[in-house]
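> Structure file run-v6.tsv (TSV, C-alpha atoms) is given on the next line.
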```tsv
chain	number	residue	atom	x	y	z
A	1	GLN	CA	0.00	0.00	0.00
A	2	LYS	CA	1.35	3.40	-0.97
A	3	GLU	CA	1.73	5.92	1.81
A	4	VAL	CA	-0.27	8.48	-0.14
A	5	GLU	CA	-2.93	7.66	-2.71
A	6	GLN	CA	-4.23	10.18	-5.21
A	7	ASP	CA	-6.43	9.62	-8.23
A	8	PRO	CA	-4.30	10.62	-11.23
A	9	GLY	CA	-7.30	11.65	-13.32
A	10	PRO	CA	-7.34	13.25	-15.80
A	11	LEU	CA	-10.19	15.40	-14.60
A	12	SER	CA	-11.95	17.69	-17.04
A	13	VAL	CA	-14.47	20.31	-15.93
A	14	PRO	CA	-16.17	23.33	-17.50
A	15	GLU	CA	-15.12	26.81	-16.50
A	16	GLY	CA	-16.86	27.95	-13.33
A	17	ALA	CA	-17.27	24.46	-11.89
A	18	ILE	CA	-16.30	23.48	-8.38
A	19	VAL	CA	-13.39	21.05	-8.40
A	20	SER	CA	-12.74	18.51	-5.69
A	21	LEU	CA	-9.33	16.86	-5.44
A	22	ASN	CA	-8.58	14.21	-2.84
A	23	CYS	CA	-5.84	12.16	-1.24
A	24	THR	CA	-5.84	9.41	1.32
A	25	TYR	CA	-2.91	8.42	3.45
A	26	SER	CA	-2.02	5.49	5.64
A	27	ASN	CA	0.32	6.82	8.32
A	28	SER	CA	-1.39	8.67	11.14
A	29	ALA	CA	1.95	10.23	12.09
A	30	PHE	CA	1.71	12.74	9.25
A	31	GLN	CA	1.10	16.17	10.77
A	32	TYR	CA	1.55	18.66	7.96
A	33	PHE	CA	-0.42	18.62	4.75
A	34	MET	CA	0.21	20.56	1.58
A	35	TRP	CA	-1.21	21.03	-1.87
A	36	TYR	CA	1.00	21.97	-4.77
A	37	ARG	CA	0.15	23.05	-8.28
A	38	GLN	CA	2.48	22.05	-11.09
A	39	TYR	CA	2.22	23.38	-14.59
A	40	SER	CA	3.66	21.31	-17.39
A	41	ARG	CA	7.48	21.15	-17.31
A	42	LYS	CA	7.66	23.42	-14.26
A	43	GLY	CA	8.45	22.92	-10.60
A	44	PRO	CA	5.63	22.58	-8.04
A	45	GLU	CA	4.21	25.72	-6.49
A	46	LEU	CA	2.86	25.65	-2.95
A	47	LEU	CA	-0.86	26.43	-2.85
A	48	MET	CA	-2.03	25.48	0.61
A	49	TYR	CA	-0.43	24.34	3.82
A	50	THR	CA	-2.23	23.13	6.90
A	51	TYR	CA	-1.53	21.07	9.97
A	52	SER	CA	-4.83	20.56	11.69
A	53	SER	CA	-8.13	18.93	10.94
A	54	GLY	CA	-10.72	21.24	9.49
A	55	ASN	CA	-10.87	23.73	6.67
A	56	LYS	CA	-8.49	26.42	5.53
A	57	GLU	CA	-9.55	28.89	2.90
A	58	ASP	CA	-7.47	31.09	0.61
A	59	GLY	CA	-9.37	32.88	-2.11
A	60	ARG	CA	-10.95	30.31	-4.40
A	61	PHE	CA	-9.08	27.46	-2.74
A	62	THR	CA	-10.14	25.51	0.34
A	63	ALA	CA	-8.04	22.79	1.90
A	64	GLN	CA	-9.77	20.26	4.12
A	65	VAL	CA	-8.13	17.75	6.43
A	66	ASP	CA	-9.85	14.87	8.20
A	67	LYS	CA	-7.23	13.18	10.32
A	68	SER	CA	-9.64	10.60	11.70
A	69	SER	CA	-10.32	9.33	8.17
A	70	LYS	CA	-6.80	10.08	6.89
A	71	TYR	CA	-8.32	12.05	4.08
A	72	ILE	CA	-7.40	15.44	2.65
A	73	SER	CA	-9.14	17.49	0.00
A	74	LEU	CA	-8.62	20.59	-2.07
A	75	PHE	CA	-11.63	22.45	-3.42
A	76	ILE	CA	-11.40	25.01	-6.18
A	77	ARG	CA	-14.36	27.31	-6.62
A	78	ASP	CA	-15.21	29.12	-9.83
A	79	SER	CA	-12.53	27.20	-11.69
A	80	GLN	CA	-10.70	28.99	-14.48
A	81	PRO	CA	-8.81	27.72	-17.53
A	82	SER	CA	-5.65	29.02	-15.86
A	83	ASP	CA	-6.24	26.45	-13.11
A	84	SER	CA	-5.45	23.71	-15.61
A	85	ALA	CA	-2.44	21.95	-14.13
A	86	THR	CA	-1.46	18.92	-12.11
A	87	TYR	CA	-2.30	19.14	-8.42
A	88	LEU	CA	-0.21	17.18	-5.96
A	89	CYS	CA	-0.91	16.56	-2.33
A	90	ALA	CA	2.11	16.22	-0.08
A	91	LEU	CA	2.52	15.11	3.48
A	92	ASP	CA	5.41	15.94	5.73
A	93	GLN	CA	7.21	13.01	7.31
A	94	GLY	CA	9.83	14.37	9.63
A	95	GLY	CA	10.91	17.06	7.20
A	96	LYS	CA	10.64	14.87	4.10
A	97	LEU	CA	7.74	15.37	1.73
A	98	ILE	CA	5.82	12.36	0.52
A	99	PHE	CA	3.85	13.21	-2.61
A	100	GLY	CA	0.74	11.78	-4.10
A	101	GLN	CA	0.78	10.85	-7.76
A	102	GLY	CA	-0.89	14.10	-8.76
A	103	THR	CA	-4.25	14.76	-10.41
A	104	GLU	CA	-4.23	16.31	-13.86
A	105	LEU	CA	-6.96	18.94	-14.10
A	106	SER	CA	-8.25	20.54	-17.26
A	107	VAL	CA	-10.71	23.44	-17.08
A	108	LYS	CA	-12.45	24.00	-20.39
A	109	PRO	CA	-13.58	27.53	-21.39
B	1	GLY	CA	10.69	36.05	-1.61
B	2	ALA	CA	11.71	32.39	-1.34
B	3	VAL	CA	12.94	31.95	-4.89
B	4	VAL	CA	14.85	28.86	-5.93
B	5	SER	CA	16.58	28.64	-9.30
B	6	GLN	CA	18.00	25.72	-11.23
B	7	HIS	CA	20.51	25.62	-14.01
B	8	PRO	CA	20.39	24.41	-16.66
B	9	SER	CA	16.68	24.17	-17.36
B	10	ARG	CA	17.24	21.58	-20.02
B	11	VAL	CA	20.21	19.42	-20.99
B	12	ILE	CA	20.77	16.76	-23.61
B	13	CYS	CA	23.84	14.59	-23.33
B	14	LYS	CA	25.34	11.42	-24.72
B	15	SER	CA	25.29	8.18	-22.80
B	16	GLY	CA	28.32	7.83	-20.56
B	17	THR	CA	28.87	11.52	-19.93
B	18	SER	CA	28.34	13.37	-16.64
B	19	VAL	CA	25.93	16.21	-16.11
B	20	LYS	CA	25.93	18.78	-13.32
B	21	ILE	CA	22.74	20.52	-12.19
B	22	GLU	CA	22.84	23.56	-9.90
B	23	CYS	CA	20.22	24.58	-7.39
B	24	ARG	CA	20.37	28.01	-5.80
B	25	SER	CA	18.26	29.73	-3.17
B	26	LEU	CA	18.28	33.35	-4.33
B	27	ASP	CA	16.92	35.32	-1.42
B	28	PHE	CA	17.31	33.11	1.62
B	29	GLN	CA	19.82	30.75	3.12
B	30	ALA	CA	18.97	27.08	3.03
B	31	THR	CA	20.78	24.72	5.32
B	32	THR	CA	18.83	21.88	3.75
B	33	MET	CA	18.10	21.23	0.10
B	34	PHE	CA	16.28	18.29	-1.41
B	35	TRP	CA	16.64	16.61	-4.77
B	36	TYR	CA	13.68	14.94	-6.47
B	37	ARG	CA	13.20	13.02	-9.67
B	38	GLN	CA	9.95	12.97	-11.61
B	39	PHE	CA	9.16	10.66	-14.50
B	40	PRO	CA	6.38	11.61	-16.95
B	41	LYS	CA	2.93	11.62	-15.36
B	42	GLN	CA	4.36	10.37	-12.10
B	43	SER	CA	4.90	11.97	-8.75
B	44	LEU	CA	8.03	13.48	-7.34
B	45	MET	CA	10.28	10.94	-5.70
B	46	LEU	CA	12.81	12.15	-3.16
B	47	MET	CA	16.34	11.13	-4.10
B	48	ALA	CA	18.40	12.70	-1.38
B	49	THR	CA	18.57	15.31	1.33
B	50	SER	CA	21.50	17.68	1.19
B	51	ASN	CA	22.77	19.51	4.25
B	52	GLU	CA	25.30	22.30	3.98
B	53	GLY	CA	28.76	21.18	4.94
B	54	SER	CA	27.94	17.52	5.38
B	55	LYS	CA	27.34	14.42	3.29
B	56	ALA	CA	23.98	13.98	1.64
B	57	THR	CA	21.50	11.42	2.87
B	58	TYR	CA	20.23	9.23	0.06
B	59	GLU	CA	16.89	7.47	-0.13
B	60	GLN	CA	16.74	3.74	-0.46
B	61	GLY	CA	17.48	2.58	-3.99
B	62	VAL	CA	19.33	5.75	-5.04
B	63	GLU	CA	22.97	5.13	-5.93
B	64	LYS	CA	25.11	7.68	-4.14
B	65	ASP	CA	28.07	7.06	-6.43
B	66	LYS	CA	25.97	7.76	-9.47
B	67	PHE	CA	24.15	10.82	-8.17
B	68	LEU	CA	26.79	12.98	-6.52
B	69	ILE	CA	25.47	15.78	-4.35
B	70	ASN	CA	27.49	18.68	-3.06
B	71	HIS	CA	26.11	21.38	-0.78
B	72	ALA	CA	29.04	23.76	-0.61
B	73	SER	CA	27.26	26.85	0.67
B	74	LEU	CA	23.99	27.94	2.21
B	75	THR	CA	22.67	28.98	-1.19
B	76	LEU	CA	24.02	26.35	-3.56
B	77	SER	CA	23.65	22.60	-3.98
B	78	THR	CA	24.72	20.62	-7.02
B	79	LEU	CA	23.63	17.25	-8.35
B	80	THR	CA	26.00	15.47	-10.72
B	81	VAL	CA	24.66	12.54	-12.70
B	82	THR	CA	27.73	10.48	-13.48
B	83	SER	CA	28.02	8.16	-16.47
B	84	ALA	CA	24.48	8.99	-17.49
B	85	HIS	CA	22.37	6.40	-19.28
B	86	PRO	CA	19.07	6.76	-21.15
B	87	GLU	CA	17.15	5.45	-18.14
B	88	ASP	CA	18.42	8.47	-16.19
B	89	SER	CA	16.40	10.72	-18.48
B	90	SER	CA	13.96	12.49	-16.21
B	91	PHE	CA	12.87	15.79	-14.70
B	92	TYR	CA	15.11	16.66	-11.76
B	93	ILE	CA	13.74	19.16	-9.26
B	94	CYS	CA	15.40	20.66	-6.23
B	95	SER	CA	13.81	22.33	-3.28
B	96	ALA	CA	15.18	24.38	-0.44
B	97	GLY	CA	13.93	24.56	3.12
B	98	GLY	CA	12.11	27.89	3.36
B	99	PRO	CA	11.91	30.35	6.21
B	100	SER	CA	9.37	28.06	7.83
B	101	ALA	CA	10.74	24.68	8.72
B	102	ASP	CA	7.58	23.06	7.47
B	103	THR	CA	7.73	24.33	3.92
B	104	GLN	CA	9.97	23.81	0.99
B	105	TYR	CA	10.33	25.99	-2.07
B	106	PHE	CA	10.86	24.27	-5.37
B	107	GLY	CA	13.06	25.15	-8.27
B	108	PRO	CA	11.71	25.13	-11.84
B	109	GLY	CA	13.28	21.78	-12.62
B	110	THR	CA	15.88	20.49	-15.07
B	111	ARG	CA	14.90	18.18	-17.87
B	112	LEU	CA	17.66	15.70	-18.61
B	113	THR	CA	17.65	13.70	-21.80
B	114	VAL	CA	20.36	11.09	-22.26
B	115	LEU	CA	20.78	9.86	-25.81
```
Can you dump the structure from the file as structure tokens?


Amino acid sequence: QKEVEQDPGPLSVPEGAIVSLNCTYSNSAFQYFMWYRQYSRKGPELLMYTYSSGNKEDGRFTAQVDKSSKYISLFIRDSQPSDSATYLCALDQGGKLIFGQGTELSVKP
Amino acid sequence: GAVVSQHPSRVICKSGTSVKIECRSLDFQATTMFWYRQFPKQSLMLMATSNEGSKATYEQGVEKDKFLINHASLTLSTLTVTSAHPEDSSFYICSAGGPSADTQYFGPGTRLTVL
């Protein structure tokens, strides 16, 4: 079993849709949770960072963590074509980041 | 702030040659830098952790004699792929520990193609 599982997609939605991206993890020791956005042939860019269960909102993005279920989510409201990218969840394991496979998102105009 | 650069952005080399990739933190000092490898449509896999002034710590399955890492200063780490082979072709990404211990800032990546 992988430490972090993420549906690779691809996921295609119309502009303006609400997007839900999810990861599950197996190790309850993970304490810090991150979402990165990666455009093609570029390095990942940190979008959201959280360390507690519950929701954290930043503009159109909301990160949700459910430690009891070992489940994290990223919601994107009013999705835009510029949101088209690969989204990776990452969990911190003692300073090392363990990444999910990434979900490829395409937002169609 | 928190900008990390990599050079070169893209390199093509012949099998058997060595390639050096630089990773620099431009506006902060990074005692720790990380090197990742990413194959197409796959996730980032940590190769090694580089600490300034000490030997790098390699992840299981990563050959330390093939992937030489040097962290000579607080703003520069280098990865040298020695005797490169076509199977080493990949996207190599570095990251540097940011001002917060719980975040890392990633470079733009280096695409290596070995012919």

> I want to know what sits within 10 Å of stretch 85-99 of chain A, based on all atoms listed in the file, with residues of the same chain fewer than 6 positions away left out; could you give that as a PyMOL selection string?

(chain A and resi 3-6+8-11+21-25+27+29-40+44-51+72-74+105-107) or (chain B and resi 32+34+41-46+48-49+97+101-104)

> Rounded to one decimal place, report the atom CA of B:Phe67-atom CA of B:Val81 distance in Å.

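Computing the Euclidean distance for atom CA of B:Phe67 and atom CA of B:Val81 yields 4.9 Å.
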
> Residues of chain A no more than 6 Å from chain B, counting all atoms listed in the file: send them over as a list of chain:residue names.

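Close enough to count are A:Lys42, A:Gly43, A:Gln101.
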
> For a test of reading the model, state the distance in Å between atom CA of A:Ile18 and atom CA of A:Asp66, rounded to one decimal.

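Computing the Euclidean distance for atom CA of A:Ile18 and atom CA of A:Asp66 yields 19.8 Å.
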
> Residues near A:Ser28, anyone? I mean within 10 Å using all atoms listed in the file, not counting same-chain ones fewer than 4 positions away, as a ChimeraX atom specification.

/A:67-70

> For the atom pair atom CA of B:Ser89 and atom CA of B:Asn51, what is the interatomic distance in Å to one decimal place?

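For atom CA of B:Ser89 relative to atom CA of B:Asn51, the distance reads 25.2 Å.
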
> Considering all atoms listed in the file, return as a PyMOL selection string whatever protein or nucleic-acid residues lie within 10 Å of A:Asp78, sequence-local ones (same chain, fewer than 2 positions apart) excluded.

chain A and resi 14-19+60-61+75-76+80+83

> Using only C-alpha atoms, can you tell me which of A:Thr62, A:Ser12, A:Ser52, A:Ser26 comes closest to A:Ser84?

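Using only C-alpha atoms, the shortest distance to A:Ser84 belongs to A:Ser12.
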
> Put the listed atoms of stretch 73-80 of chain B in a box along x, y and z with 6 Å added on every side and give me the centre and edge lengths in Å to one decimal, as JSON.


```
{"center_x": 25.0, "center_y": 22.2, "center_z": -4.3, "size_x": 16.6, "size_y": 25.5, "size_z": 24.9}
```

> Around (24.1, 6.8, -21.2), as given in the file, which residues come within 12 Å? Count all atoms listed in the file and list them as a ChimeraX atom specification.

/B:12-19,66,81-89,112-115

> Pick from B:Val62, B:Phe39, B:Arg10, B:Leu26: nearest to B:Thr75, with all atoms listed in the file counted?

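Looking at the shortest contact to B:Thr75, the residue is B:Leu26.
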
> With distances taken over only C-alpha atoms, which residue among B:Ala2, B:Cys23, B:Met47, B:Ala30 lies nearest B:Ser77?

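Among the listed residues, B:Cys23 lies closest to B:Ser77.
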